[in-house]
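Enquirer: There's a structure below that I have some questions on.
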Amino acid sequence: FDRNQQGTMQGSSMLRLCLCFAFLAAIWAEDNTWRVEFTLDFLDGVEGDGGSFVIEVHPNWAPIGAARFRELVESGFYEGIRIHRYHKSGFAQFGVSNDPEVTKYWDGKKLQDDPVRHSNKRGTVAFAMEDSHHRTTEILINMHHNPLFDRHGFAPFGALIAGHKDVERFYEIGDEVDWDDAREQGEKYLSGFPKLTRILKTRILPNDEVV
């Protein structure tokens with residue numbers, strides 16, 4: 001072989017090697033998914049009417065958001081809180097702590113934005129935010145495809161894989177809960193909405209557990 005042919009072959013080999021590593025990295029990222037189960041009460045606003053849903057988290061969709069979500073779940077943050085905003089035609093939102101001091105703590109740990117790599121399709125889950133680089137603890141579940149959220153930088157990090165019917169039965173409060181009052185007063189204010197669907201428990205599922 002002359003030098004040009006040898007260089008071409010070496011370049012081709014390097015390209016194949018790079019593609020192989022990229023493929024393996026993609027597989028690893030997808031295999032790095034994990035799942036969390038949310039146990040509920042007050043479906044349709046009725047005490048004792050319980051259910052659950054499961055979110056599968058894809059760190060390769062939004063790694064910063066996925067890491068924060070894991071931190072919150074492992075700390076038990078979502079246990080005991082309410083679904084404080086819900087429109088069946090749009091989205092459900094939760095993540096306001098019952099303790100204003102906890103809210104202040106997480107307000108001091110706002111996240112940088114993830115790029116939007118996955119559209120806000122029905123069933124996807126993303127952090128809610130009031131402005132760029134302001135993600136803290138609040139999560140939204142897309143009840144329908146919301147392409148406007150893509151343009152505003154809401155980056156899904158996971159999706160519902162079980163419990164869709166129970167999510168549809170969240171108490172439909174709309175925008176009745178005042179967001180500022182909920183954050184500033186916590187339980188004192190939120191207890192005035194006794195029908196709100198509540199999260200009782202969260203649990204990271206073992207990889208081999210069937211849902």
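Naming scheme: A, B, ... for chains in displayed order of the structure tokens; residues 1 onward per chain; ligands 1 onward as shown.
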Using backbone DSSP assignments, extract all helix (DSSP H, G or I) residues from stretch 21-205 of chain A; output them as a PyMOL selection string.

Expert: chain A and resi 21-31+43-45+63-74+100-107+147-151+164-168+179-185+187-190

Enquirer: Which of these residues is nearest to A:Ser89, using only C-alpha atoms: A:Val57, A:Ala159, A:Ile141, A:Ala67?

Expert: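 Under the stated criterion, the closest residue is A:Ile141.
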
Enquirer: Quick one: of A:Gly186, A:Asp41, A:Ala126, A:Trp61, who's nearest to A:Val102, counting only C-alpha atoms?

Expert: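 Looking only at the distances to A:Val102, the closest residue turns out to be A:Gly186.
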
Enquirer: Rank A:Gly50, A:Pro156, A:Pro100, A:Gly80 by their smallest atom-to-atom distance to A:Lys121, using only C-alpha atoms, and report the top residue only.

Expert: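 Checking each candidate against A:Lys121, we get A:Pro156 as the closest.
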
Enquirer: Which residues come within 12 Å of A:Asp131, counting only C-alpha atoms, excluding same-chain residues fewer than 5 positions away, as a ChimeraX atom specification?

Expert: /A:110-113,136,152-154

Enquirer: Set the distance at 12 Å and use only C-alpha atoms: which residues neighbour A:Ala155 once local chain neighbours fewer than 3 positions away are removed? I'd like the list as an mmCIF file with all heavy atoms, in the first residue's frame.

Expert:
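The new file part_29.cif reads:
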```
data_model
loop_
_atom_site.group_PDB
_atom_site.id
_atom_site.type_symbol
_atom_site.label_atom_id
_atom_site.label_comp_id
_atom_site.auth_asym_id
_atom_site.auth_seq_id
_atom_site.Cartn_x
_atom_site.Cartn_y
_atom_site.Cartn_z
ATOM 1 N N HIS A 58 -34.576 8.829 32.569
ATOM 2 C CA HIS A 58 -33.567 8.655 31.523
ATOM 3 C C HIS A 58 -32.494 9.730 31.704
ATOM 4 O O HIS A 58 -32.642 10.851 31.205
ATOM 5 C CB HIS A 58 -34.200 8.789 30.136
ATOM 6 C CG HIS A 58 -35.195 7.724 29.814
ATOM 7 N ND1 HIS A 58 -34.912 6.662 28.983
ATOM 8 C CD2 HIS A 58 -36.482 7.548 30.229
ATOM 9 C CE1 HIS A 58 -35.974 5.879 28.880
ATOM 10 N NE2 HIS A 58 -36.938 6.387 29.635
ATOM 11 N N PRO A 59 -31.417 9.431 32.404
ATOM 12 C CA PRO A 59 -30.381 10.441 32.636
ATOM 13 C C PRO A 59 -29.799 11.037 31.358
ATOM 14 O O PRO A 59 -29.343 12.190 31.369
ATOM 15 C CB PRO A 59 -29.316 9.675 33.429
ATOM 16 C CG PRO A 59 -30.079 8.599 34.112
ATOM 17 C CD PRO A 59 -31.131 8.177 33.133
ATOM 18 N N ASN A 60 -29.816 10.269 30.253
ATOM 19 C CA ASN A 60 -29.248 10.811 29.018
ATOM 20 C C ASN A 60 -30.141 11.867 28.386
ATOM 21 O O ASN A 60 -29.702 12.634 27.533
ATOM 22 C CB ASN A 60 -28.965 9.684 28.013
ATOM 23 C CG ASN A 60 -30.189 8.854 27.693
ATOM 24 O OD1 ASN A 60 -31.049 8.626 28.541
ATOM 25 N ND2 ASN A 60 -30.276 8.370 26.461
ATOM 26 N N TRP A 61 -31.413 11.959 28.782
ATOM 27 C CA TRP A 61 -32.295 13.015 28.274
ATOM 28 C C TRP A 61 -31.920 14.367 28.888
ATOM 29 O O TRP A 61 -31.895 15.379 28.191
ATOM 30 C CB TRP A 61 -33.751 12.713 28.612
ATOM 31 C CG TRP A 61 -34.363 11.569 27.873
ATOM 32 C CD1 TRP A 61 -33.748 10.709 27.000
ATOM 33 C CD2 TRP A 61 -35.725 11.136 27.953
ATOM 34 N NE1 TRP A 61 -34.634 9.780 26.541
ATOM 35 C CE2 TRP A 61 -35.855 10.013 27.106
ATOM 36 C CE3 TRP A 61 -36.835 11.580 28.661
ATOM 37 C CZ2 TRP A 61 -37.071 9.334 26.948
ATOM 38 C CZ3 TRP A 61 -38.047 10.915 28.517
ATOM 39 C CH2 TRP A 61 -38.154 9.804 27.664
ATOM 40 N N ALA A 62 -31.731 14.376 30.206
ATOM 41 C CA ALA A 62 -31.455 15.628 30.930
ATOM 42 C C ALA A 62 -30.670 15.273 32.195
ATOM 43 O O ALA A 62 -31.255 15.115 33.277
ATOM 44 C CB ALA A 62 -32.754 16.344 31.283
ATOM 45 N N PRO A 63 -29.360 15.119 32.075
ATOM 46 C CA PRO A 63 -28.561 14.594 33.196
ATOM 47 C C PRO A 63 -28.603 15.437 34.466
ATOM 48 O O PRO A 63 -28.609 14.887 35.568
ATOM 49 C CB PRO A 63 -27.146 14.510 32.614
ATOM 50 C CG PRO A 63 -27.158 15.344 31.378
ATOM 51 C CD PRO A 63 -28.548 15.324 30.863
ATOM 52 N N ILE A 64 -28.637 16.750 34.335
ATOM 53 C CA ILE A 64 -28.658 17.604 35.531
ATOM 54 C C ILE A 64 -29.986 17.437 36.267
ATOM 55 O O ILE A 64 -30.035 17.264 37.485
ATOM 56 C CB ILE A 64 -28.419 19.082 35.159
ATOM 57 C CG1 ILE A 64 -27.057 19.252 34.485
ATOM 58 C CG2 ILE A 64 -28.519 19.975 36.395
ATOM 59 C CD1 ILE A 64 -26.817 20.648 33.923
ATOM 60 N N GLY A 65 -31.081 17.482 35.510
ATOM 61 C CA GLY A 65 -32.396 17.313 36.114
ATOM 62 C C GLY A 65 -32.583 15.931 36.707
ATOM 63 O O GLY A 65 -33.142 15.775 37.802
ATOM 64 N N ALA A 66 -32.104 14.901 36.013
ATOM 65 C CA ALA A 66 -32.247 13.536 36.506
ATOM 66 C C ALA A 66 -31.497 13.344 37.819
ATOM 67 O O ALA A 66 -31.995 12.673 38.743
ATOM 68 C CB ALA A 66 -31.747 12.547 35.452
ATOM 69 N N GLN A 112 -28.725 24.747 36.800
ATOM 70 C CA GLN A 112 -28.530 25.202 35.427
ATOM 71 C C GLN A 112 -29.448 24.387 34.515
ATOM 72 O O GLN A 112 -29.816 23.255 34.817
ATOM 73 C CB GLN A 112 -27.072 25.004 35.005
ATOM 74 C CG GLN A 112 -26.091 25.901 35.740
ATOM 75 C CD GLN A 112 -26.289 27.366 35.405
ATOM 76 O OE1 GLN A 112 -26.258 27.754 34.243
ATOM 77 N NE2 GLN A 112 -26.516 28.181 36.424
ATOM 78 N N ASP A 113 -29.829 24.968 33.400
ATOM 79 C CA ASP A 113 -30.729 24.284 32.474
ATOM 80 C C ASP A 113 -30.033 23.134 31.755
ATOM 81 O O ASP A 113 -28.837 23.203 31.452
ATOM 82 C CB ASP A 113 -31.257 25.259 31.414
ATOM 83 C CG ASP A 113 -32.192 26.299 31.996
ATOM 84 O OD1 ASP A 113 -32.673 26.102 33.133
ATOM 85 O OD2 ASP A 113 -32.454 27.314 31.317
ATOM 86 N N ASP A 114 -30.804 22.084 31.494
ATOM 87 C CA ASP A 114 -30.406 21.053 30.542
ATOM 88 C C ASP A 114 -30.921 21.466 29.170
ATOM 89 O O ASP A 114 -32.002 22.059 29.061
ATOM 90 C CB ASP A 114 -31.057 19.704 30.887
ATOM 91 C CG ASP A 114 -30.369 18.974 32.016
ATOM 92 O OD1 ASP A 114 -29.189 18.623 31.842
ATOM 93 O OD2 ASP A 114 -31.017 18.727 33.047
ATOM 94 N N PRO A 115 -30.210 21.148 28.086
ATOM 95 C CA PRO A 115 -30.800 21.345 26.757
ATOM 96 C C PRO A 115 -31.983 20.397 26.576
ATOM 97 O O PRO A 115 -32.006 19.308 27.159
ATOM 98 C CB PRO A 115 -29.659 21.001 25.800
ATOM 99 C CG PRO A 115 -28.732 20.147 26.590
ATOM 100 C CD PRO A 115 -28.843 20.612 28.017
ATOM 101 N N VAL A 116 -32.965 20.830 25.805
ATOM 102 C CA VAL A 116 -34.147 19.999 25.558
ATOM 103 C C VAL A 116 -33.802 18.975 24.488
ATOM 104 O O VAL A 116 -33.707 19.300 23.302
ATOM 105 C CB VAL A 116 -35.357 20.850 25.133
ATOM 106 C CG1 VAL A 116 -36.562 19.953 24.845
ATOM 107 C CG2 VAL A 116 -35.694 21.870 26.209
ATOM 108 N N ARG A 117 -33.596 17.734 24.915
ATOM 109 C CA ARG A 117 -33.231 16.660 23.993
ATOM 110 C C ARG A 117 -34.430 15.774 23.648
ATOM 111 O O ARG A 117 -34.352 14.972 22.727
ATOM 112 C CB ARG A 117 -32.129 15.790 24.605
ATOM 113 C CG ARG A 117 -30.811 16.507 24.842
ATOM 114 C CD ARG A 117 -29.733 15.513 25.260
ATOM 115 N NE ARG A 117 -28.433 16.153 25.420
ATOM 116 C CZ ARG A 117 -27.934 16.543 26.594
ATOM 117 N NH1 ARG A 117 -28.646 16.355 27.698
ATOM 118 N NH2 ARG A 117 -26.744 17.105 26.679
ATOM 119 N N HIS A 118 -35.501 15.904 24.432
ATOM 120 C CA HIS A 118 -36.679 15.057 24.234
ATOM 121 C C HIS A 118 -37.910 15.942 24.373
ATOM 122 O O HIS A 118 -38.016 16.718 25.316
ATOM 123 C CB HIS A 118 -36.689 13.934 25.271
ATOM 124 C CG HIS A 118 -37.638 12.834 24.962
ATOM 125 N ND1 HIS A 118 -37.290 11.740 24.199
ATOM 126 C CD2 HIS A 118 -38.941 12.655 25.309
ATOM 127 C CE1 HIS A 118 -38.332 10.931 24.100
ATOM 128 N NE2 HIS A 118 -39.341 11.464 24.759
ATOM 129 N N SER A 119 -38.840 15.826 23.440
ATOM 130 C CA SER A 119 -40.019 16.693 23.437
ATOM 131 C C SER A 119 -40.937 16.403 24.622
ATOM 132 O O SER A 119 -40.959 15.291 25.169
ATOM 133 C CB SER A 119 -40.792 16.510 22.134
ATOM 134 O OG SER A 119 -41.903 17.387 22.077
ATOM 135 N N ASN A 120 -41.719 17.419 25.018
ATOM 136 C CA ASN A 120 -42.680 17.295 26.109
ATOM 137 C C ASN A 120 -43.948 16.605 25.620
ATOM 138 O O ASN A 120 -45.033 17.190 25.545
ATOM 139 C CB ASN A 120 -43.004 18.669 26.684
ATOM 140 C CG ASN A 120 -41.915 19.202 27.587
ATOM 141 O OD1 ASN A 120 -41.918 18.976 28.787
ATOM 142 N ND2 ASN A 120 -40.959 19.918 26.989
ATOM 143 N N LYS A 121 -43.802 15.330 25.294
ATOM 144 C CA LYS A 121 -44.930 14.542 24.820
ATOM 145 C C LYS A 121 -45.769 14.058 25.996
ATOM 146 O O LYS A 121 -45.355 14.150 27.149
ATOM 147 C CB LYS A 121 -44.430 13.356 23.994
ATOM 148 C CG LYS A 121 -43.708 13.764 22.722
ATOM 149 C CD LYS A 121 -43.223 12.545 21.949
ATOM 150 C CE LYS A 121 -42.513 12.954 20.667
ATOM 151 N NZ LYS A 121 -41.998 11.774 19.912
ATOM 152 N N THR A 124 -44.503 12.515 29.527
ATOM 153 C CA THR A 124 -43.138 12.873 29.917
ATOM 154 C C THR A 124 -43.158 13.745 31.166
ATOM 155 O O THR A 124 -44.157 14.375 31.505
ATOM 156 C CB THR A 124 -42.389 13.599 28.791
ATOM 157 O OG1 THR A 124 -43.137 14.746 28.376
ATOM 158 C CG2 THR A 124 -42.157 12.674 27.604
ATOM 159 N N VAL A 125 -42.012 13.775 31.842
ATOM 160 C CA VAL A 125 -41.879 14.457 33.124
ATOM 161 C C VAL A 125 -40.687 15.405 33.059
ATOM 162 O O VAL A 125 -39.608 15.035 32.585
ATOM 163 C CB VAL A 125 -41.672 13.430 34.251
ATOM 164 C CG1 VAL A 125 -41.548 14.119 35.592
ATOM 165 C CG2 VAL A 125 -42.816 12.423 34.270
ATOM 166 N N ALA A 126 -40.890 16.647 33.521
ATOM 167 C CA ALA A 126 -39.826 17.650 33.493
ATOM 168 C C ALA A 126 -39.911 18.510 34.752
ATOM 169 O O ALA A 126 -40.940 18.529 35.436
ATOM 170 C CB ALA A 126 -39.952 18.536 32.255
ATOM 171 N N PHE A 127 -38.837 19.214 35.046
ATOM 172 C CA PHE A 127 -38.890 20.189 36.129
ATOM 173 C C PHE A 127 -39.635 21.435 35.652
ATOM 174 O O PHE A 127 -39.405 21.923 34.546
ATOM 175 C CB PHE A 127 -37.479 20.599 36.572
ATOM 176 C CG PHE A 127 -36.892 19.699 37.613
ATOM 177 C CD1 PHE A 127 -36.107 18.616 37.242
ATOM 178 C CD2 PHE A 127 -37.141 19.913 38.957
ATOM 179 C CE1 PHE A 127 -35.570 17.769 38.197
ATOM 180 C CE2 PHE A 127 -36.609 19.073 39.925
ATOM 181 C CZ PHE A 127 -35.818 17.997 39.538
ATOM 182 N N ALA A 128 -40.522 21.935 36.512
ATOM 183 C CA ALA A 128 -41.154 23.232 36.257
ATOM 184 C C ALA A 128 -40.167 24.328 36.654
ATOM 185 O O ALA A 128 -39.291 24.113 37.492
ATOM 186 C CB ALA A 128 -42.434 23.352 37.069
ATOM 187 N N MET A 129 -40.315 25.479 36.048
ATOM 188 C CA MET A 129 -39.431 26.598 36.400
ATOM 189 C C MET A 129 -40.096 27.901 35.990
ATOM 190 O O MET A 129 -40.896 27.953 35.051
ATOM 191 C CB MET A 129 -38.077 26.456 35.710
ATOM 192 C CG MET A 129 -38.130 26.388 34.207
ATOM 193 S SD MET A 129 -36.481 26.115 33.500
ATOM 194 C CE MET A 129 -36.880 26.123 31.737
ATOM 195 N N SER A 132 -35.226 30.827 33.246
ATOM 196 C CA SER A 132 -34.053 30.020 32.922
ATOM 197 C C SER A 132 -33.173 29.825 34.157
ATOM 198 O O SER A 132 -33.023 30.737 34.973
ATOM 199 C CB SER A 132 -33.232 30.691 31.819
ATOM 200 O OG SER A 132 -33.987 30.793 30.632
ATOM 201 N N HIS A 133 -32.619 28.626 34.296
ATOM 202 C CA HIS A 133 -31.704 28.287 35.383
ATOM 203 C C HIS A 133 -32.358 28.464 36.759
ATOM 204 O O HIS A 133 -31.698 28.859 37.719
ATOM 205 C CB HIS A 133 -30.427 29.128 35.294
ATOM 206 C CG HIS A 133 -29.811 29.151 33.929
ATOM 207 N ND1 HIS A 133 -29.415 28.004 33.275
ATOM 208 C CD2 HIS A 133 -29.563 30.183 33.080
ATOM 209 C CE1 HIS A 133 -28.916 28.330 32.080
ATOM 210 N NE2 HIS A 133 -29.007 29.632 31.946
ATOM 211 N N ARG A 135 -34.604 25.867 38.076
ATOM 212 C CA ARG A 135 -35.210 24.615 38.505
ATOM 213 C C ARG A 135 -34.805 24.289 39.946
ATOM 214 O O ARG A 135 -33.639 24.418 40.301
ATOM 215 C CB ARG A 135 -34.795 23.467 37.579
ATOM 216 C CG ARG A 135 -35.282 23.630 36.148
ATOM 217 C CD ARG A 135 -34.847 22.478 35.266
ATOM 218 N NE ARG A 135 -33.395 22.358 35.164
ATOM 219 C CZ ARG A 135 -32.762 21.347 34.590
ATOM 220 N NH1 ARG A 135 -33.453 20.350 34.065
ATOM 221 N NH2 ARG A 135 -31.446 21.324 34.530
ATOM 222 N N ILE A 139 -42.090 19.470 39.843
ATOM 223 C CA ILE A 139 -42.136 18.563 38.703
ATOM 224 C C ILE A 139 -43.467 18.736 37.977
ATOM 225 O O ILE A 139 -44.507 18.950 38.608
ATOM 226 C CB ILE A 139 -42.016 17.100 39.179
ATOM 227 C CG1 ILE A 139 -40.728 16.885 39.974
ATOM 228 C CG2 ILE A 139 -42.099 16.132 37.995
ATOM 229 C CD1 ILE A 139 -39.472 17.147 39.200
ATOM 230 N N LEU A 140 -43.445 18.635 36.670
ATOM 231 C CA LEU A 140 -44.699 18.608 35.924
ATOM 232 C C LEU A 140 -44.778 17.323 35.100
ATOM 233 O O LEU A 140 -43.770 16.813 34.610
ATOM 234 C CB LEU A 140 -44.871 19.845 35.034
ATOM 235 C CG LEU A 140 -43.867 20.151 33.933
ATOM 236 C CD1 LEU A 140 -44.207 19.392 32.636
ATOM 237 C CD2 LEU A 140 -43.839 21.644 33.645
ATOM 238 N N ILE A 141 -45.989 16.805 35.009
ATOM 239 C CA ILE A 141 -46.288 15.648 34.173
ATOM 240 C C ILE A 141 -47.148 16.129 33.020
ATOM 241 O O ILE A 141 -48.215 16.724 33.237
ATOM 242 C CB ILE A 141 -47.043 14.554 34.956
ATOM 243 C CG1 ILE A 141 -46.231 14.088 36.167
ATOM 244 C CG2 ILE A 141 -47.368 13.375 34.044
ATOM 245 C CD1 ILE A 141 -46.979 13.114 37.060
ATOM 246 N N ASN A 142 -46.686 15.915 31.820
ATOM 247 C CA ASN A 142 -47.446 16.349 30.645
ATOM 248 C C ASN A 142 -48.623 15.410 30.405
ATOM 249 O O ASN A 142 -48.430 14.225 30.152
ATOM 250 C CB ASN A 142 -46.533 16.375 29.412
ATOM 251 C CG ASN A 142 -45.543 17.508 29.448
ATOM 252 O OD1 ASN A 142 -45.908 18.675 29.410
ATOM 253 N ND2 ASN A 142 -44.262 17.171 29.545
ATOM 254 N N ASN A 146 -47.101 18.944 24.775
ATOM 255 C CA ASN A 146 -46.988 20.386 25.026
ATOM 256 C C ASN A 146 -45.739 20.942 24.339
ATOM 257 O O ASN A 146 -44.726 21.222 24.988
ATOM 258 C CB ASN A 146 -46.924 20.655 26.536
ATOM 259 C CG ASN A 146 -48.240 20.407 27.232
ATOM 260 O OD1 ASN A 146 -49.288 20.859 26.778
ATOM 261 N ND2 ASN A 146 -48.201 19.694 28.354
ATOM 262 N N PRO A 147 -45.778 21.118 23.017
ATOM 263 C CA PRO A 147 -44.579 21.592 22.298
ATOM 264 C C PRO A 147 -44.133 22.982 22.724
ATOM 265 O O PRO A 147 -42.955 23.318 22.586
ATOM 266 C CB PRO A 147 -45.017 21.573 20.825
ATOM 267 C CG PRO A 147 -46.516 21.605 20.855
ATOM 268 C CD PRO A 147 -46.909 20.878 22.104
ATOM 269 N N LEU A 148 -45.050 23.783 23.281
ATOM 270 C CA LEU A 148 -44.659 25.111 23.759
ATOM 271 C C LEU A 148 -43.613 24.994 24.867
ATOM 272 O O LEU A 148 -42.716 25.832 24.971
ATOM 273 C CB LEU A 148 -45.893 25.864 24.274
ATOM 274 C CG LEU A 148 -45.650 27.294 24.781
ATOM 275 C CD1 LEU A 148 -45.149 28.186 23.647
ATOM 276 C CD2 LEU A 148 -46.934 27.880 25.374
ATOM 277 N N PHE A 149 -43.704 23.946 25.680
ATOM 278 C CA PHE A 149 -42.723 23.751 26.742
ATOM 279 C C PHE A 149 -41.330 23.492 26.174
ATOM 280 O O PHE A 149 -40.325 23.856 26.788
ATOM 281 C CB PHE A 149 -43.132 22.585 27.644
ATOM 282 C CG PHE A 149 -44.312 22.866 28.534
ATOM 283 C CD1 PHE A 149 -44.906 21.845 29.260
ATOM 284 C CD2 PHE A 149 -44.830 24.139 28.653
ATOM 285 C CE1 PHE A 149 -45.996 22.093 30.092
ATOM 286 C CE2 PHE A 149 -45.921 24.413 29.471
ATOM 287 C CZ PHE A 149 -46.503 23.384 30.194
ATOM 288 N N ASP A 150 -41.267 22.856 25.008
ATOM 289 C CA ASP A 150 -39.956 22.636 24.365
ATOM 290 C C ASP A 150 -39.291 23.974 24.088
ATOM 291 O O ASP A 150 -38.107 24.174 24.372
ATOM 292 C CB ASP A 150 -40.118 21.878 23.047
ATOM 293 C CG ASP A 150 -40.702 20.488 23.222
ATOM 294 O OD1 ASP A 150 -40.786 20.010 24.366
ATOM 295 O OD2 ASP A 150 -41.075 19.890 22.198
ATOM 296 N N ARG A 151 -40.070 24.890 23.534
ATOM 297 C CA ARG A 151 -39.512 26.203 23.154
ATOM 298 C C ARG A 151 -39.126 27.037 24.367
ATOM 299 O O ARG A 151 -38.271 27.922 24.271
ATOM 300 C CB ARG A 151 -40.529 26.953 22.279
ATOM 301 C CG ARG A 151 -40.810 26.258 20.956
ATOM 302 C CD ARG A 151 -41.519 27.174 19.980
ATOM 303 N NE ARG A 151 -42.893 27.465 20.353
ATOM 304 C CZ ARG A 151 -43.942 26.694 20.039
ATOM 305 N NH1 ARG A 151 -43.750 25.567 19.355
ATOM 306 N NH2 ARG A 151 -45.162 27.039 20.403
ATOM 307 N N HIS A 152 -39.758 26.766 25.509
ATOM 308 C CA HIS A 152 -39.447 27.518 26.730
ATOM 309 C C HIS A 152 -38.399 26.825 27.600
ATOM 310 O O HIS A 152 -38.132 27.274 28.721
ATOM 311 C CB HIS A 152 -40.723 27.774 27.527
ATOM 312 C CG HIS A 152 -41.605 28.832 26.945
ATOM 313 N ND1 HIS A 152 -41.307 30.175 27.008
ATOM 314 C CD2 HIS A 152 -42.759 28.742 26.239
ATOM 315 C CE1 HIS A 152 -42.253 30.880 26.400
ATOM 316 N NE2 HIS A 152 -43.147 30.024 25.919
ATOM 317 N N GLY A 158 -37.695 12.090 32.099
ATOM 318 C CA GLY A 158 -38.282 10.776 32.284
ATOM 319 C C GLY A 158 -39.701 10.739 31.753
ATOM 320 O O GLY A 158 -40.186 11.701 31.150
ATOM 321 N N ALA A 159 -40.371 9.610 31.987
ATOM 322 C CA ALA A 159 -41.728 9.433 31.479
ATOM 323 C C ALA A 159 -42.487 8.434 32.344
ATOM 324 O O ALA A 159 -41.887 7.540 32.962
ATOM 325 C CB ALA A 159 -41.697 8.943 30.032
#
```

Enquirer: May I ask which of the residues A:Ile161, A:Asp107, A:His87, A:Glu74 is the closest one to A:Val210, counting only C-alpha atoms?

Expert: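 Smallest distance to A:Val210 is found for A:Ile161.
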
Enquirer: Run DSSP on the backbone and give me the residues of chain A it puts in strand (DSSP E or B), as a PyMOL selection string.

Expert: chain A and resi 34-41+51-57+82-86+91-94+111+124-127+135+139-142+156-162+174+198-204
